[in-house]
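Below is final_6.cif, holding mmCIF, C-alpha atoms.
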data_final
loop_
_atom_site.group_PDB
_atom_site.id
_atom_site.type_symbol
_atom_site.label_atom_id
_atom_site.label_comp_id
_atom_site.auth_asym_id
_atom_site.auth_seq_id
_atom_site.Cartn_x
_atom_site.Cartn_y
_atom_site.Cartn_z
ATOM 1 C CA MET A 116 -7.570 -14.953 4.412
ATOM 2 C CA ALA A 117 -8.863 -11.492 5.266
ATOM 3 C CA ILE A 118 -9.585 -9.133 2.417
ATOM 4 C CA ARG A 119 -8.194 -6.135 4.334
ATOM 5 C CA LEU A 120 -4.572 -5.798 5.341
ATOM 6 C CA THR A 121 -4.642 -6.829 8.992
ATOM 7 C CA LYS A 122 -0.999 -6.531 9.952
ATOM 8 C CA PRO A 123 -0.260 -3.947 12.633
ATOM 9 C CA TRP A 124 1.072 -0.570 11.546
ATOM 10 C CA GLN A 125 4.847 -0.066 11.753
ATOM 11 C CA MET A 126 6.559 3.268 12.224
ATOM 12 C CA LEU A 127 7.971 4.571 8.962
ATOM 13 C CA ASN A 128 11.668 5.280 9.394
ATOM 14 C CA ASN A 129 14.975 4.357 7.775
ATOM 15 C CA ASP A 130 15.494 1.348 10.047
ATOM 16 C CA THR A 131 12.112 -0.288 9.410
ATOM 17 C CA VAL A 132 12.333 0.326 5.662
ATOM 18 C CA ARG A 133 15.861 -1.095 5.545
ATOM 19 C CA HIS A 134 14.600 -4.360 7.079
ATOM 20 C CA LEU A 135 11.795 -4.880 4.556
ATOM 21 C CA PRO A 136 12.170 -7.917 2.308
ATOM 22 C CA GLY A 137 13.255 -7.600 -1.297
ATOM 23 C CA GLN A 138 10.100 -9.422 -2.396
ATOM 24 C CA LEU A 139 7.015 -8.592 -4.428
ATOM 25 C CA GLY A 140 3.958 -7.368 -2.564
ATOM 26 C CA VAL A 141 1.584 -4.565 -1.614
ATOM 27 C CA PHE A 142 1.669 -1.894 1.064
ATOM 28 C CA GLU A 143 -0.327 0.906 2.637
ATOM 29 C CA LEU A 144 1.064 4.184 3.949
ATOM 30 C CA ALA A 145 -0.830 6.136 6.597
ATOM 31 C CA GLY A 146 -0.589 9.441 8.414
ATOM 32 C CA ARG A 147 -0.422 10.000 12.167
ATOM 33 C CA ASP A 148 -4.171 9.466 12.475
ATOM 34 C CA GLY A 149 -3.965 5.984 10.914
ATOM 35 C CA ARG A 150 -5.846 7.024 7.793
ATOM 36 C CA VAL A 151 -4.525 5.354 4.622
ATOM 37 C CA ILE A 152 -3.050 7.983 2.314
ATOM 38 C CA LEU A 153 -1.447 5.702 -0.306
ATOM 39 C CA ILE A 154 -1.797 2.126 -1.469
ATOM 40 C CA GLY A 155 1.119 0.831 -3.497
ATOM 41 C CA TYR A 156 2.882 -2.268 -4.739
ATOM 42 C CA ALA A 157 6.320 -3.664 -5.415
ATOM 43 C CA GLY A 158 6.245 -5.314 -8.807
ATOM 44 C CA GLY A 159 8.681 -7.075 -11.051
ATOM 45 C CA ARG A 160 10.368 -3.783 -11.956
ATOM 46 C CA SER A 161 10.959 -2.716 -8.337
ATOM 47 C CA LEU A 162 14.724 -2.894 -7.933
ATOM 48 C CA PHE A 163 14.695 -4.162 -4.331
ATOM 49 C CA GLY A 164 11.059 -5.231 -4.000
ATOM 50 C CA LEU A 165 9.055 -3.879 -1.084
ATOM 51 C CA ARG A 166 12.127 -2.181 0.383
ATOM 52 C CA SER A 167 12.626 0.175 -2.554
ATOM 53 C CA ALA A 168 8.904 0.603 -3.371
ATOM 54 C CA VAL A 169 7.988 1.649 0.185
ATOM 55 C CA GLU A 170 11.002 3.962 0.410
ATOM 56 C CA GLU A 171 10.159 5.630 -2.908
ATOM 57 C CA ALA A 172 6.498 6.103 -1.940
ATOM 58 C CA TRP A 173 7.482 7.409 1.502
ATOM 59 C CA HIS A 174 9.721 10.094 0.007
ATOM 60 C CA ALA A 175 7.035 11.034 -2.541
ATOM 61 C CA THR A 176 4.575 11.823 0.277
ATOM 62 C CA ASN A 177 5.168 14.386 3.003
ATOM 63 C CA ASP A 178 2.685 13.113 5.556
ATOM 64 C CA ALA A 179 3.255 9.343 5.810
ATOM 65 C CA THR A 180 4.345 8.194 9.272
ATOM 66 C CA GLN A 181 3.443 4.497 9.297
ATOM 67 C CA PHE A 182 3.022 1.555 6.960
ATOM 68 C CA ARG A 183 2.064 -2.088 6.674
ATOM 69 C CA HIS A 184 2.773 -4.579 3.925
ATOM 70 C CA GLU A 185 1.947 -8.007 2.558
ATOM 71 C CA VAL A 186 4.217 -10.241 0.497
ATOM 72 C CA THR A 187 2.354 -11.659 -2.497
ATOM 73 C CA MET A 188 3.195 -12.828 -5.984
ATOM 74 C CA GLN A 189 -0.220 -11.573 -7.178
ATOM 75 C CA TYR A 190 0.727 -7.996 -6.331
ATOM 76 C CA LEU A 191 -1.195 -6.287 -9.144
ATOM 77 C CA SER A 192 -4.479 -8.094 -8.467
ATOM 78 C CA ARG A 193 -4.071 -7.502 -4.717
ATOM 79 C CA TYR A 194 -3.242 -3.824 -5.321
ATOM 80 C CA LYS A 195 -6.435 -3.337 -7.329
ATOM 81 C CA GLU A 196 -8.402 -5.252 -4.702
ATOM 82 C CA LEU A 197 -7.119 -2.935 -1.949
ATOM 83 C CA LEU A 198 -8.004 0.124 -4.044
ATOM 84 C CA MET A 199 -11.534 -1.205 -4.628
ATOM 85 C CA LEU A 200 -11.900 -1.947 -0.930
ATOM 86 C CA HIS A 201 -10.792 1.575 0.000
ATOM 87 C CA VAL A 202 -13.310 3.098 -2.416
ATOM 88 C CA ALA A 203 -16.058 0.835 -1.019
ATOM 89 C CA ASP A 204 -15.196 1.871 2.565
ATOM 90 C CA HIS A 205 -14.475 5.587 2.034
ATOM 91 C CA GLY A 206 -16.076 6.569 -1.273
ATOM 92 C CA ALA A 207 -12.779 7.689 -2.838
ATOM 93 C CA LEU A 208 -9.206 6.644 -3.486
ATOM 94 C CA PRO A 209 -6.483 7.541 -0.953
ATOM 95 C CA ILE A 210 -5.240 11.110 -1.435
ATOM 96 C CA HIS A 211 -1.857 10.088 -2.906
ATOM 97 C CA ASN A 212 -3.218 7.514 -5.359
ATOM 98 C CA HIS A 213 -3.838 10.020 -8.174
ATOM 99 C CA ASP A 214 -1.923 7.720 -10.569
ATOM 100 C CA ALA A 215 -4.093 4.674 -9.805
ATOM 101 C CA PRO A 216 -5.820 2.872 -12.671
ATOM 102 C CA SER A 217 -8.880 4.786 -13.798
ATOM 103 C CA THR A 218 -10.941 1.655 -14.278
ATOM 104 C CA PHE A 219 -11.331 -1.228 -11.925
ATOM 105 C CA GLY A 220 -14.257 -3.217 -10.641
ATOM 106 C CA ARG A 221 -16.499 -2.682 -7.657
ATOM 107 C CA LEU A 222 -16.176 -4.501 -4.409
ATOM 108 C CA SER A 223 -19.002 -4.829 -1.883
ATOM 109 C CA PRO A 224 -17.439 -6.253 1.272
ATOM 110 C CA ALA A 225 -19.763 -7.569 3.920
#

Could you render the structure from this file as structure tokens?
Amino acid sequence: MAIRLTKPWQMLNNDTVRHLPGQLGVFELAGRDGRVILIGYAGGRSLFGLRSAVEEAWHATNDATQFRHEVTMQYLSRYKELLMLHVADHGALPIHNHDAPSTFGRLSPA
């Protein structure tokens, strides 16, 4: 299993969001340039799983145009792992993750 999300980007629109599963998981939103601007998750309190979590995050950002997701029951651990990976790769959190946990470990991917 790859540590990074490897699924291809999908265009972010009402039709693609409507067809997302109502399951737990993680997702990344990106701008036109493919740069990740938000990493999020659909947890146990997400009303319709990934469908509602991605839609809510999309409407909270003005510049997201594409997304990718992963269904996982370990959504919180995977979410933190993706945040750590982003910091390791880019030196900072994505611009819309200002509400991310303030403490998490370090990841040194090869």

List, as a JSON list (two decimals) with C-alpha atoms, in the coordinates of the input, every residue that the PyMOL selection byres ((chain A and resi 188-192) around 7) selects in the file provided.
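Contents of selection39.json, freshly written:
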[["chain", "number", "residue", "atom", "x", "y", "z"],
["A", 139, "LEU", "CA", 7.02, -8.59, -4.43],
["A", 140, "GLY", "CA", 3.96, -7.37, -2.56],
["A", 141, "VAL", "CA", 1.58, -4.57, -1.61],
["A", 156, "TYR", "CA", 2.88, -2.27, -4.74],
["A", 158, "GLY", "CA", 6.24, -5.31, -8.81],
["A", 187, "THR", "CA", 2.35, -11.66, -2.50],
["A", 193, "ARG", "CA", -4.07, -7.50, -4.72],
["A", 194, "TYR", "CA", -3.24, -3.82, -5.32],
["A", 195, "LYS", "CA", -6.44, -3.34, -7.33],
["A", 196, "GLU", "CA", -8.40, -5.25, -4.70]]

For Ala215 (chain A), which residue out of A:Leu127, A:Leu162, A:Ile154, A:Ala172 is the nearest one, using only C-alpha atoms?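 Once distances to Ala215 (chain A) are computed over only C-alpha atoms, the minimum belongs to A:Ile154.
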
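Closest to Pro123 (chain A) among A:Thr176, A:Thr218, A:Gln138, A:Gln181 is A:Gln181, based on only C-alpha atoms.
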
Within 9 Å of file point (-4.8, 2.3, -4.2), counting all atoms listed in the file, expressed as a ChimeraX atom specification: /A:143,152-156,194-202,208-209,211-216

Prev. selection, C-alpha atoms, output as a PDB file, in the coordinates of the input:
ATOM      1  CA  GLU A 143      -0.327   0.906   2.637  1.00  0.00           C
ATOM      2  CA  ILE A 152      -3.050   7.983   2.314  1.00  0.00           C
ATOM      3  CA  LEU A 153      -1.447   5.702  -0.306  1.00  0.00           C
ATOM      4  CA  ILE A 154      -1.797   2.126  -1.469  1.00  0.00           C
ATOM      5  CA  GLY A 155       1.119   0.831  -3.497  1.00  0.00           C
ATOM      6  CA  TYR A 156       2.882  -2.268  -4.739  1.00  0.00           C
ATOM      7  CA  TYR A 194      -3.242  -3.824  -5.321  1.00  0.00           C
ATOM      8  CA  LYS A 195      -6.435  -3.337  -7.329  1.00  0.00           C
ATOM      9  CA  GLU A 196      -8.402  -5.252  -4.702  1.00  0.00           C
ATOM     10  CA  LEU A 197      -7.119  -2.935  -1.949  1.00  0.00           C
ATOM     11  CA  LEU A 198      -8.004   0.124  -4.044  1.00  0.00           C
ATOM     12  CA  MET A 199     -11.534  -1.205  -4.628  1.00  0.00           C
ATOM     13  CA  LEU A 200     -11.900  -1.947  -0.930  1.00  0.00           C
ATOM     14  CA  HIS A 201     -10.792   1.575   0.000  1.00  0.00           C
ATOM     15  CA  VAL A 202     -13.310   3.098  -2.416  1.00  0.00           C
ATOM     16  CA  LEU A 208      -9.206   6.644  -3.486  1.00  0.00           C
ATOM     17  CA  PRO A 209      -6.483   7.541  -0.953  1.00  0.00           C
ATOM     18  CA  HIS A 211      -1.857  10.088  -2.906  1.00  0.00           C
ATOM     19  CA  ASN A 212      -3.218   7.514  -5.359  1.00  0.00           C
ATOM     20  CA  HIS A 213      -3.838  10.020  -8.174  1.00  0.00           C
ATOM     21  CA  ASP A 214      -1.923   7.720 -10.569  1.00  0.00           C
ATOM     22  CA  ALA A 215      -4.093   4.674  -9.805  1.00  0.00           C
ATOM     23  CA  PRO A 216      -5.820   2.872 -12.671  1.00  0.00           C
TER      24      PRO A 216
END

To one decimal in Å, tell me the separation between CA of His134 (chain A) and CA of Gly159 (chain A). 19.3 Å

Find the residue from A:Val186, A:Asp204, A:Ala168, A:Ala175 that sits nearest to Ser223 (chain A); use only C-alpha atoms when measuring. A:Asp204

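Here the question is which of A:Ala207, A:Ala157, A:Leu165, A:Val132 gets nearest to Thr180 (chain A) using all atoms listed in the file, and that residue is A:Val132.
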
Smallest atom-to-atom distance to Arg119 (chain A): which of A:Phe142, A:Ser161, A:Gly206, A:Ser217, using all atoms listed in the file?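 Using all atoms listed in the file, Arg119 (chain A) sits closest to A:Phe142.
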
Selection result of the PyMOL selection byres ((chain A and resi 146-149) around 6) on this file, as a compact mmCIF listing (two decimals) with C-alpha atoms, keeping the file's coordinate frame:
# COMPACT_ATOMS: atom_id res chain seq x y z
CA ALA A 145 -0.83 6.14 6.60
CA ARG A 150 -5.85 7.02 7.79
CA ASP A 178 2.68 13.11 5.56
CA ALA A 179 3.26 9.34 5.81
CA THR A 180 4.34 8.19 9.27

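Across the model, the gap from CA of Phe219 (chain A) to CA of Trp173 (chain A) is 24.7 Å.
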
With distances taken over all atoms listed in the file, which of A:His184, A:His174, A:Arg160, A:Lys122 is nearest to Pro136 (chain A)? A:His184

Mind giving me the straight-line distance from CA of His205 (chain A) to CA of Met126 (chain A) in Å, one decimal? 23.5 Å

Where's the centre, and what are the edge lengths in Å to one decimal, of a box along x, y and z enclosing all listed atoms of region 189-202 of chain A padded 6 Å per side, as lines of an AutoDock Vina configuration file?
center_x = -6.3
center_y = -4.2
center_z = -4.6
size_x = 26.0
size_y = 26.7
size_z = 21.1

Provide region 149-178 of chain A rebuilt to N, CA and C atoms, formatted as an mmCIF file, in the frame of the given file.
data_model
loop_
_atom_site.group_PDB
_atom_site.id
_atom_site.type_symbol
_atom_site.label_atom_id
_atom_site.label_comp_id
_atom_site.auth_asym_id
_atom_site.auth_seq_id
_atom_site.Cartn_x
_atom_site.Cartn_y
_atom_site.Cartn_z
ATOM 1 N N GLY A 149 -3.683 7.349 11.341
ATOM 2 C CA GLY A 149 -3.965 5.984 10.914
ATOM 3 C C GLY A 149 -4.780 5.878 9.650
ATOM 4 N N ARG A 150 -5.075 7.011 9.045
ATOM 5 C CA ARG A 150 -5.846 7.024 7.793
ATOM 6 C C ARG A 150 -4.921 6.700 6.618
ATOM 7 N N VAL A 151 -5.328 5.764 5.785
ATOM 8 C CA VAL A 151 -4.525 5.354 4.622
ATOM 9 C C VAL A 151 -4.462 6.502 3.633
ATOM 10 N N ILE A 152 -3.234 6.886 3.264
ATOM 11 C CA ILE A 152 -3.050 7.983 2.314
ATOM 12 C C ILE A 152 -2.486 7.502 0.977
ATOM 13 N N LEU A 153 -1.975 6.247 0.942
ATOM 14 C CA LEU A 153 -1.447 5.702 -0.306
ATOM 15 C C LEU A 153 -1.466 4.182 -0.232
ATOM 16 N N ILE A 154 -1.887 3.576 -1.308
ATOM 17 C CA ILE A 154 -1.797 2.126 -1.469
ATOM 18 C C ILE A 154 -0.853 1.904 -2.639
ATOM 19 N N GLY A 155 0.141 1.051 -2.442
ATOM 20 C CA GLY A 155 1.119 0.831 -3.497
ATOM 21 C C GLY A 155 1.527 -0.628 -3.606
ATOM 22 N N TYR A 156 2.405 -0.898 -4.554
ATOM 23 C CA TYR A 156 2.882 -2.268 -4.739
ATOM 24 C C TYR A 156 4.331 -2.279 -5.198
ATOM 25 N N ALA A 157 4.973 -3.396 -4.923
ATOM 26 C CA ALA A 157 6.320 -3.664 -5.415
ATOM 27 C C ALA A 157 6.174 -4.748 -6.462
ATOM 28 N N GLY A 158 6.400 -4.376 -7.708
ATOM 29 C CA GLY A 158 6.245 -5.314 -8.807
ATOM 30 C C GLY A 158 7.574 -5.827 -9.319
ATOM 31 N N GLY A 159 7.499 -6.478 -10.443
ATOM 32 C CA GLY A 159 8.681 -7.075 -11.051
ATOM 33 C C GLY A 159 9.754 -6.076 -11.447
ATOM 34 N N ARG A 160 9.389 -4.814 -11.587
ATOM 35 C CA ARG A 160 10.368 -3.783 -11.956
ATOM 36 C C ARG A 160 10.901 -3.004 -10.755
ATOM 37 N N SER A 161 10.448 -3.361 -9.558
ATOM 38 C CA SER A 161 10.959 -2.716 -8.337
ATOM 39 C C SER A 161 12.345 -3.290 -8.055
ATOM 40 N N LEU A 162 13.340 -2.448 -8.027
ATOM 41 C CA LEU A 162 14.724 -2.894 -7.933
ATOM 42 C C LEU A 162 14.977 -3.780 -6.719
ATOM 43 N N PHE A 163 14.496 -3.376 -5.547
ATOM 44 C CA PHE A 163 14.695 -4.162 -4.331
ATOM 45 C C PHE A 163 13.366 -4.508 -3.683
ATOM 46 N N GLY A 164 12.349 -4.794 -4.494
ATOM 47 C CA GLY A 164 11.059 -5.231 -4.000
ATOM 48 C C GLY A 164 10.393 -4.223 -3.086
ATOM 49 N N LEU A 165 9.783 -4.734 -2.020
ATOM 50 C CA LEU A 165 9.055 -3.879 -1.084
ATOM 51 C C LEU A 165 9.953 -2.809 -0.478
ATOM 52 N N ARG A 166 11.197 -3.145 -0.233
ATOM 53 C CA ARG A 166 12.127 -2.181 0.383
ATOM 54 C C ARG A 166 12.216 -0.902 -0.448
ATOM 55 N N SER A 167 12.470 -1.026 -1.728
ATOM 56 C CA SER A 167 12.626 0.175 -2.554
ATOM 57 C C SER A 167 11.285 0.828 -2.879
ATOM 58 N N ALA A 168 10.218 0.029 -3.045
ATOM 59 C CA ALA A 168 8.904 0.603 -3.371
ATOM 60 C C ALA A 168 8.351 1.424 -2.205
ATOM 61 N N VAL A 169 8.467 0.905 -0.989
ATOM 62 C CA VAL A 169 7.988 1.649 0.185
ATOM 63 C C VAL A 169 8.828 2.908 0.386
ATOM 64 N N GLU A 170 10.134 2.797 0.239
ATOM 65 C CA GLU A 170 11.002 3.962 0.410
ATOM 66 C C GLU A 170 10.677 5.051 -0.616
ATOM 67 N N GLU A 171 10.487 4.667 -1.857
ATOM 68 C CA GLU A 171 10.159 5.630 -2.908
ATOM 69 C C GLU A 171 8.816 6.313 -2.628
ATOM 70 N N ALA A 172 7.820 5.536 -2.246
ATOM 71 C CA ALA A 172 6.498 6.103 -1.940
ATOM 72 C C ALA A 172 6.559 7.006 -0.715
ATOM 73 N N TRP A 173 7.324 6.617 0.276
ATOM 74 C CA TRP A 173 7.482 7.409 1.502
ATOM 75 C C TRP A 173 8.050 8.785 1.172
ATOM 76 N N HIS A 174 9.093 8.821 0.354
ATOM 77 C CA HIS A 174 9.721 10.094 0.007
ATOM 78 C C HIS A 174 8.857 10.933 -0.933
ATOM 79 N N ALA A 175 7.934 10.296 -1.643
ATOM 80 C CA ALA A 175 7.035 11.034 -2.541
ATOM 81 C C ALA A 175 5.880 11.689 -1.779
ATOM 82 N N THR A 176 5.625 11.226 -0.554
ATOM 83 C CA THR A 176 4.575 11.823 0.277
ATOM 84 C C THR A 176 5.233 12.567 1.432
ATOM 85 N N ASN A 177 4.595 13.613 1.901
ATOM 86 C CA ASN A 177 5.168 14.386 3.003
ATOM 87 C C ASN A 177 4.551 14.021 4.343
ATOM 88 N N ASP A 178 3.433 13.313 4.325
ATOM 89 C CA ASP A 178 2.685 13.113 5.556
ATOM 90 C C ASP A 178 2.571 11.662 6.002
#
